[in-house]
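Trainee: Structure: input_27.pdb, PDB, C-alpha atoms and all ligand atoms.
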ATOM      1  CA  MET D  56      30.614  97.090  88.348
ATOM      2  CA  LYS D  57      31.989  94.934  85.554
ATOM      3  CA  ILE D  58      33.647  95.711  82.266
ATOM      4  CA  GLU D  59      34.610  93.669  79.239
ATOM      5  CA  LEU D  60      38.095  94.100  77.831
ATOM      6  CA  ASP D  61      39.407  91.907  75.066
ATOM      7  CA  ASN D  62      36.705  89.230  75.660
ATOM      8  CA  ASP D  63      37.359  88.951  79.375
ATOM      9  CA  ILE D  64      35.115  90.324  82.089
ATOM     10  CA  TYR D  65      36.819  92.309  84.823
ATOM     11  CA  ASN D  66      35.537  93.558  88.137
ATOM     12  CA  VAL D  67      35.794  97.286  88.581
ATOM     13  CA  VAL D  68      36.177  98.417  92.180
ATOM     14  CA  ILE D  69      35.763 102.145  92.768
ATOM     15  CA  GLU D  70      37.028 104.010  95.769
ATOM     16  CA  ARG D  71      35.794 107.585  95.909
ATOM     17  CA  LYS D  72      37.583 110.085  98.112
ATOM     18  CA  ARG D  73      36.929 113.745  98.589
ATOM     19  CA  SER D  74      40.675 114.402  98.792
ATOM     20  CA  THR D  75      41.476 112.709  95.475
ATOM     21  CA  ARG D  76      41.598 115.067  92.519
ATOM     22  CA  ASN D  77      42.611 112.792  89.693
ATOM     23  CA  THR D  78      41.524 109.321  88.745
ATOM     24  CA  TYR D  79      43.981 106.490  89.317
ATOM     25  CA  ILE D  80      43.765 102.986  87.945
ATOM     26  CA  ARG D  81      45.536  99.984  89.458
ATOM     27  CA  ILE D  82      45.209  96.239  89.010
ATOM     28  CA  HIS D  83      44.802  94.115  92.091
ATOM     29  CA  ASP D  84      46.200  90.605  92.463
ATOM     30  CA  ASP D  85      42.741  89.140  91.887
ATOM     31  CA  LEU D  86      42.836  91.031  88.534
ATOM     32  CA  SER D  87      40.093  93.449  89.467
ATOM     33  CA  ILE D  88      40.490  96.983  88.128
ATOM     34  CA  TYR D  89      40.821  99.258  91.100
ATOM     35  CA  VAL D  90      39.904 102.902  90.565
ATOM     36  CA  THR D  91      40.530 105.710  93.019
ATOM     37  CA  CYS D  92      38.802 108.982  92.189
ATOM     38  CA  ASN D  93      36.995 112.002  93.503
ATOM     39  CA  THR D  94      33.535 111.703  95.091
ATOM     40  CA  LEU D  95      32.036 113.552  92.143
ATOM     41  CA  THR D  96      33.432 111.283  89.438
ATOM     42  CA  SER D  97      30.642 109.329  87.742
ATOM     43  CA  ASP D  98      30.580 105.628  86.889
ATOM     44  CA  ARG D  99      30.116 106.522  83.246
ATOM     45  CA  TYR D 100      33.235 108.680  83.253
ATOM     46  CA  ILE D 101      35.224 105.811  84.784
ATOM     47  CA  LEU D 102      33.982 103.256  82.261
ATOM     48  CA  ASN D 103      34.823 105.614  79.411
ATOM     49  CA  LEU D 104      38.252 106.208  80.864
ATOM     50  CA  ILE D 105      38.935 102.476  81.194
ATOM     51  CA  ASN D 106      37.769 101.887  77.631
ATOM     52  CA  SER D 107      39.958 104.660  76.311
ATOM     53  CA  LYS D 108      42.972 103.184  78.111
ATOM     54  CA  GLU D 109      42.162  99.590  77.248
ATOM     55  CA  LYS D 110      45.579  98.823  75.779
ATOM     56  CA  GLN D 111      47.457 100.172  78.777
ATOM     57  CA  ILE D 112      45.185  98.406  81.237
ATOM     58  CA  LEU D 113      45.539  95.064  79.464
ATOM     59  CA  LYS D 114      49.292  95.491  79.744
ATOM     60  CA  MET D 115      48.965  96.173  83.462
ATOM     61  CA  ILE D 116      46.841  93.035  83.839
ATOM     62  CA  GLU D 117      49.461  91.001  81.985
ATOM     63  CA  ARG D 118      52.122  92.285  84.342
ATOM     64  CA  VAL D 119      50.149  91.163  87.395
ATOM     65  CA  LYS D 120      49.559  87.752  85.801
ATOM     66  CA  ARG D 121      53.253  87.328  85.069
ATOM     67  CA  LYS D 122      54.160  88.278  88.608
ATOM     68  CA  GLN D 123      51.720  85.700  89.941
ATOM     69  CA  ALA D 124      52.988  82.970  87.644
ATOM     70  CA  LYS D 125      56.293  83.198  89.447
ATOM     71  CA  GLU D 126      54.628  82.881  92.816
ATOM     72  CA  GLU D 127      51.963  80.332  92.073
ATOM     73  CA  TYR D 128      53.390  77.750  94.444
ATOM     74  CA  PHE D 129      53.791  77.839  98.144
ATOM     75  CA  TYR D 130      56.364  75.706  99.896
ATOM     76  CA  TYR D 131      56.267  74.876 103.566
ATOM     77  CA  LEU D 132      58.382  72.237 105.320
ATOM     78  CA  GLY D 133      58.891  70.249 102.162
ATOM     79  CA  LYS D 134      55.301  70.318 100.983
ATOM     80  CA  LYS D 135      54.276  72.118  97.811
ATOM     81  CA  TYR D 136      50.901  73.827  97.669
ATOM     82  CA  ASP D 137      49.102  75.774  94.964
ATOM     83  CA  LEU D 138      49.019  79.392  95.982
ATOM     84  CA  VAL D 139      45.602  80.975  95.577
ATOM     85  CA  TYR D 140      44.925  84.669  96.087
ATOM     86  CA  LEU D 141      41.584  85.542  97.598
ATOM     87  CA  ASN D 142      39.878  88.632  98.903
ATOM     88  CA  LYS D 143      39.959  87.081 102.356
ATOM     89  CA  LYS D 144      42.236  88.120 105.165
ATOM     90  CA  GLY D 145      45.256  86.121 106.303
ATOM     91  CA  ILE D 146      46.280  82.627 105.314
ATOM     92  CA  THR D 147      44.305  79.367 105.199
ATOM     93  CA  PHE D 148      45.705  75.913 104.522
ATOM     94  CA  GLY D 149      43.763  73.444 102.423
ATOM     95  CA  GLU D 150      44.786  69.893 101.547
ATOM     96  CA  GLU D 151      46.834  70.944  98.524
ATOM     97  CA  LYS D 152      46.155  74.644  98.348
ATOM     98  CA  VAL D 153      47.037  77.649 100.398
ATOM     99  CA  PHE D 154      44.704  80.636 100.293
ATOM    100  CA  VAL D 155      46.111  84.044 101.023
ATOM    101  CA  SER D 156      44.809  87.574 100.747
ATOM    102  CA  ASN D 157      46.041  89.763  97.910
ATOM    103  CA  ASP D 158      48.294  91.837 100.111
ATOM    104  CA  PHE D 159      49.588  88.935 102.208
ATOM    105  CA  ASN D 160      53.237  89.275 103.090
ATOM    106  CA  LEU D 161      54.587  85.761 102.551
ATOM    107  CA  ASP D 162      58.103  86.519 103.743
ATOM    108  CA  ARG D 163      56.877  87.962 107.004
ATOM    109  CA  TRP D 164      54.768  84.862 107.574
ATOM    110  CA  TYR D 165      57.692  82.546 106.747
ATOM    111  CA  LYS D 166      59.853  84.474 109.198
ATOM    112  CA  LYS D 167      57.322  84.114 112.006
ATOM    113  CA  GLU D 168      56.952  80.397 111.378
ATOM    114  CA  ALA D 169      60.706  79.947 111.137
ATOM    115  CA  GLU D 170      61.195  81.642 114.485
ATOM    116  CA  LYS D 171      59.064  78.932 116.094
ATOM    117  CA  VAL D 172      60.134  75.914 114.059
ATOM    118  CA  PHE D 173      63.877  76.652 113.917
ATOM    119  CA  GLN D 174      64.080  77.216 117.671
ATOM    120  CA  ILE D 175      62.287  73.931 118.395
ATOM    121  CA  GLU D 176      64.600  72.028 116.047
ATOM    122  CA  LEU D 177      67.699  73.785 117.369
ATOM    123  CA  ASP D 178      66.777  72.730 120.915
ATOM    124  CA  LYS D 179      66.045  69.193 119.739
ATOM    125  CA  MET D 180      69.370  68.811 117.931
ATOM    126  CA  TYR D 181      71.234  70.539 120.744
ATOM    127  CA  ASN D 182      69.748  68.205 123.364
ATOM    128  CA  SER D 183      70.602  65.079 121.383
ATOM    129  CA  PHE D 184      74.109  66.325 120.502
ATOM    130  CA  ILE D 185      76.550  63.808 121.952
ATOM    131  CA  TYR D 186      79.302  66.318 122.823
ATOM    132  CA  LYS D 187      79.191  69.137 125.285
ATOM    133  CA  ILE D 188      78.895  72.440 123.444
ATOM    134  CA  PRO D 189      77.787  75.934 124.456
ATOM    135  CA  TYR D 190      74.119  76.669 123.869
ATOM    136  CA  PRO D 191      73.980  78.951 120.822
ATOM    137  CA  SER D 192      71.757  81.911 120.128
ATOM    138  CA  LEU D 193      69.693  81.724 116.960
ATOM    139  CA  CYS D 194      69.462  84.227 114.131
ATOM    140  CA  ILE D 195      67.311  83.758 111.009
ATOM    141  CA  ARG D 196      67.693  85.580 107.745
ATOM    142  CA  LYS D 197      67.532  85.133 104.008
ATOM    143  CA  MET D 198      70.922  84.238 102.564
ATOM    144  CA  LYS D 199      71.862  83.862  98.928
ATOM    145  CA  THR D 200      74.703  81.361  99.093
ATOM    146  CA  ARG D 201      74.638  79.589 102.443
ATOM    147  CA  TRP D 202      72.208  77.475 104.439
ATOM    148  CA  GLY D 203      73.807  78.261 107.740
ATOM    149  CA  VAL D 204      76.600  80.183 109.425
ATOM    150  CA  CYS D 205      78.160  79.684 112.828
ATOM    151  CA  ASN D 206      79.990  82.364 114.745
ATOM    152  CA  VAL D 207      82.270  80.338 116.998
ATOM    153  CA  LYS D 208      83.266  83.300 119.120
ATOM    154  CA  THR D 209      79.791  84.593 119.957
ATOM    155  CA  HIS D 210      78.126  81.131 119.773
ATOM    156  CA  LYS D 211      75.588  82.432 117.294
ATOM    157  CA  VAL D 212      74.034  80.163 114.713
ATOM    158  CA  THR D 213      72.460  81.870 111.697
ATOM    159  CA  LEU D 214      70.053  79.810 109.602
ATOM    160  CA  ASN D 215      68.782  80.591 106.143
ATOM    161  CA  LEU D 216      65.069  81.475 106.188
ATOM    162  CA  GLU D 217      64.629  79.453 102.982
ATOM    163  CA  LEU D 218      65.009  76.254 105.024
ATOM    164  CA  ILE D 219      61.391  76.734 106.185
ATOM    165  CA  LYS D 220      60.324  75.771 102.658
ATOM    166  CA  LYS D 221      62.180  72.461 102.728
ATOM    167  CA  ASP D 222      61.710  69.150 104.472
ATOM    168  CA  ILE D 223      62.687  69.413 108.119
ATOM    169  CA  LYS D 224      65.561  66.906 107.716
ATOM    170  CA  TYR D 225      67.524  69.562 105.818
ATOM    171  CA  LEU D 226      67.019  72.040 108.614
ATOM    172  CA  ASP D 227      68.155  69.440 111.158
ATOM    173  CA  TYR D 228      71.258  68.641 109.140
ATOM    174  CA  VAL D 229      72.223  72.311 108.805
ATOM    175  CA  ILE D 230      71.740  72.758 112.554
ATOM    176  CA  VAL D 231      73.983  69.783 113.333
ATOM    177  CA  HIS D 232      76.535  71.122 110.866
ATOM    178  CA  GLU D 233      76.593  74.504 112.585
ATOM    179  CA  LEU D 234      76.611  72.978 116.086
ATOM    180  CA  SER D 235      79.623  70.880 115.074
ATOM    181  CA  HIS D 236      81.413  74.101 114.200
ATOM    182  CA  LEU D 237      81.219  75.024 117.887
ATOM    183  CA  LEU D 238      83.740  72.170 118.352
ATOM    184  CA  TYR D 239      85.652  72.470 115.078
ATOM    185  CA  ALA D 240      85.862  75.813 113.295
ATOM    186  CA  ASN D 241      87.015  74.128 110.069
ATOM    187  CA  HIS D 242      85.806  71.366 107.747
ATOM    188  CA  SER D 243      88.420  68.836 108.892
ATOM    189  CA  LYS D 244      87.923  65.091 109.059
ATOM    190  CA  ALA D 245      87.261  65.414 112.788
ATOM    191  CA  PHE D 246      84.532  67.930 111.980
ATOM    192  CA  TRP D 247      82.775  65.583 109.533
ATOM    193  CA  ASP D 248      83.128  62.677 111.969
ATOM    194  CA  CYS D 249      81.351  64.810 114.546
ATOM    195  CA  VAL D 250      78.582  65.649 112.046
ATOM    196  CA  GLY D 251      78.249  61.948 111.192
ATOM    197  CA  GLU D 252      77.996  60.926 114.834
ATOM    198  CA  ASN D 253      75.173  63.383 115.387
ATOM    199  CA  PHE D 254      73.374  63.001 112.077
ATOM    200  CA  LYS D 255      73.439  59.548 110.493
ATOM    201  CA  ASP D 256      72.343  60.341 106.940
ATOM    202  CA  TYR D 257      74.324  63.512 106.537
ATOM    203  CA  LYS D 258      76.161  62.614 103.309
ATOM    204  CA  LYS D 259      72.954  62.045 101.386
ATOM    205  CA  ILE D 260      71.235  65.107 102.824
ATOM    206  CA  ARG D 261      74.257  67.273 102.161
ATOM    207  CA  LYS D 262      74.381  66.173  98.557
ATOM    208  CA  GLU D 263      70.667  66.858  98.051
ATOM    209  CA  LEU D 264      71.021  70.306  99.592
ATOM    210  CA  LYS D 265      73.933  71.131  97.299
ATOM    211  CA  GLN D 266      72.056  70.061  94.199
ATOM    212  CA  ASP D 267      69.275  72.322  95.251
ATOM    213  CA  GLU D 268      71.402  75.404  95.630
TER     214      GLU D 268
HETATM  215 ZN    ZN D 301      80.581  74.453 107.661
END
Taking this structure as input, can you express it in the form of structure tokens?
Mentor:
Amino acid sequence: MKIELDNDIYNVVIERKRSTRNTYIRIHDDLSIYVTCNTLTSDRYILNLINSKEKQILKMIERVKRKQAKEEYFYYLGKKYDLVYLNKKGITFGEEKVFVSNDFNLDRWYKKEAEKVFQIELDKMYNSFIYKIPYPSLCIRKMKTRWGVCNVKTHKVTLNLELIKKDIKYLDYVIVHELSHLLYANHSKAFWDCVGENFKDYKKIRKELKQDE
């Protein structure tokens, strides 16, 4: 079913349930008008209801549009994609676009990817590290102010989930930085020498990361 509101045509999706007494209207991410109602509620009643609440519904649509404007890009390992919401399950990568379903949980997907990618890079940087250090455990979470944290006592390296959105060189630098803390708990000259010996371009990368914060 379709309906015209303010010169735009919207899809109306109706879900009828015996257990539902009232009629509820929501807006989905694809901007369809989603109505939940009782099995006995007629199409005509729904259309009348939508028309009578036109103002409110247009506001709801605006809210969904605004929310999407903030999330219209998708970043993965330094590449920027247009984010497109579809009524199709899961996530699909195109050349410059990423298609996700309306209810796709981006953060959960990022976390799963990060668990694979960060571990691979941690092992890579650990194996090429020129000093003997304990093998650290890895923890991943979203952090507001830091890219990485190293617990020298428990040998635990925590990496910011947001690094999955950036080019892999930033991730590698942060890993080397945290691994160097397993030798030096401070930011002394010896510490930075160690970082430099294990990551050639670190000054440039560090600067770029800071500007991005
Ligand atoms: Zn540090």
Trainee: Please provide as a list in words all residues within 10 Å of Ala169 in chain D, with the sequence filter that same-chain residues fewer than 4 positions apart are discarded (counting all atoms listed in the file).
Mentor: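 Surrounding residues, per the criterion: Leu132, Arg163, Trp164, Tyr165, Phe173, Gln174, Ile175, Ile195, Arg196, Leu214, Asn215, Leu216, Glu217, Leu218, Ile219 and Lys220 of chain D.
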Trainee: Rank nothing, just name the residue among D:Val250, D:Val119, D:Ile112, D:Met198 nearest to Met180 in chain D, using all atoms listed in the file.
Mentor: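 That would be D:Val250, the residue with the smallest distance to Met180 in chain D.
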Trainee: Please identify every residue of range 113-229 of chain D that has at least one atom no farther than 8 Å from an atom of range 254-265 of chain D, counting all atoms listed in the file, and for each give the shortest atom pair and the distance in Å to one decimal, arranged by chain then increasing number, as CSV.
Mentor:
residue,atom,partner,partner_atom,distance
D:Lys224,CA,D:Ile260,CA,7.7
D:Tyr225,CA,D:Ile260,CA,6.5
D:Tyr228,CA,D:Tyr257,CA,6.5
Trainee: Apply the PyMOL selection byres (((not hetatm)) within 12 of (chain D and resi 301)) to the file shown and report the selected residues as an MDAnalysis selection string.
Mentor: chainID D and resid 201:207 212:214 228:244 246:247 249:250 261
Trainee: Report the distance between CA of Tyr136 in chain D and CA of Arg81 in chain D in Å, rounded to one decimal place.
Mentor: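 The value is 27.9 Å.
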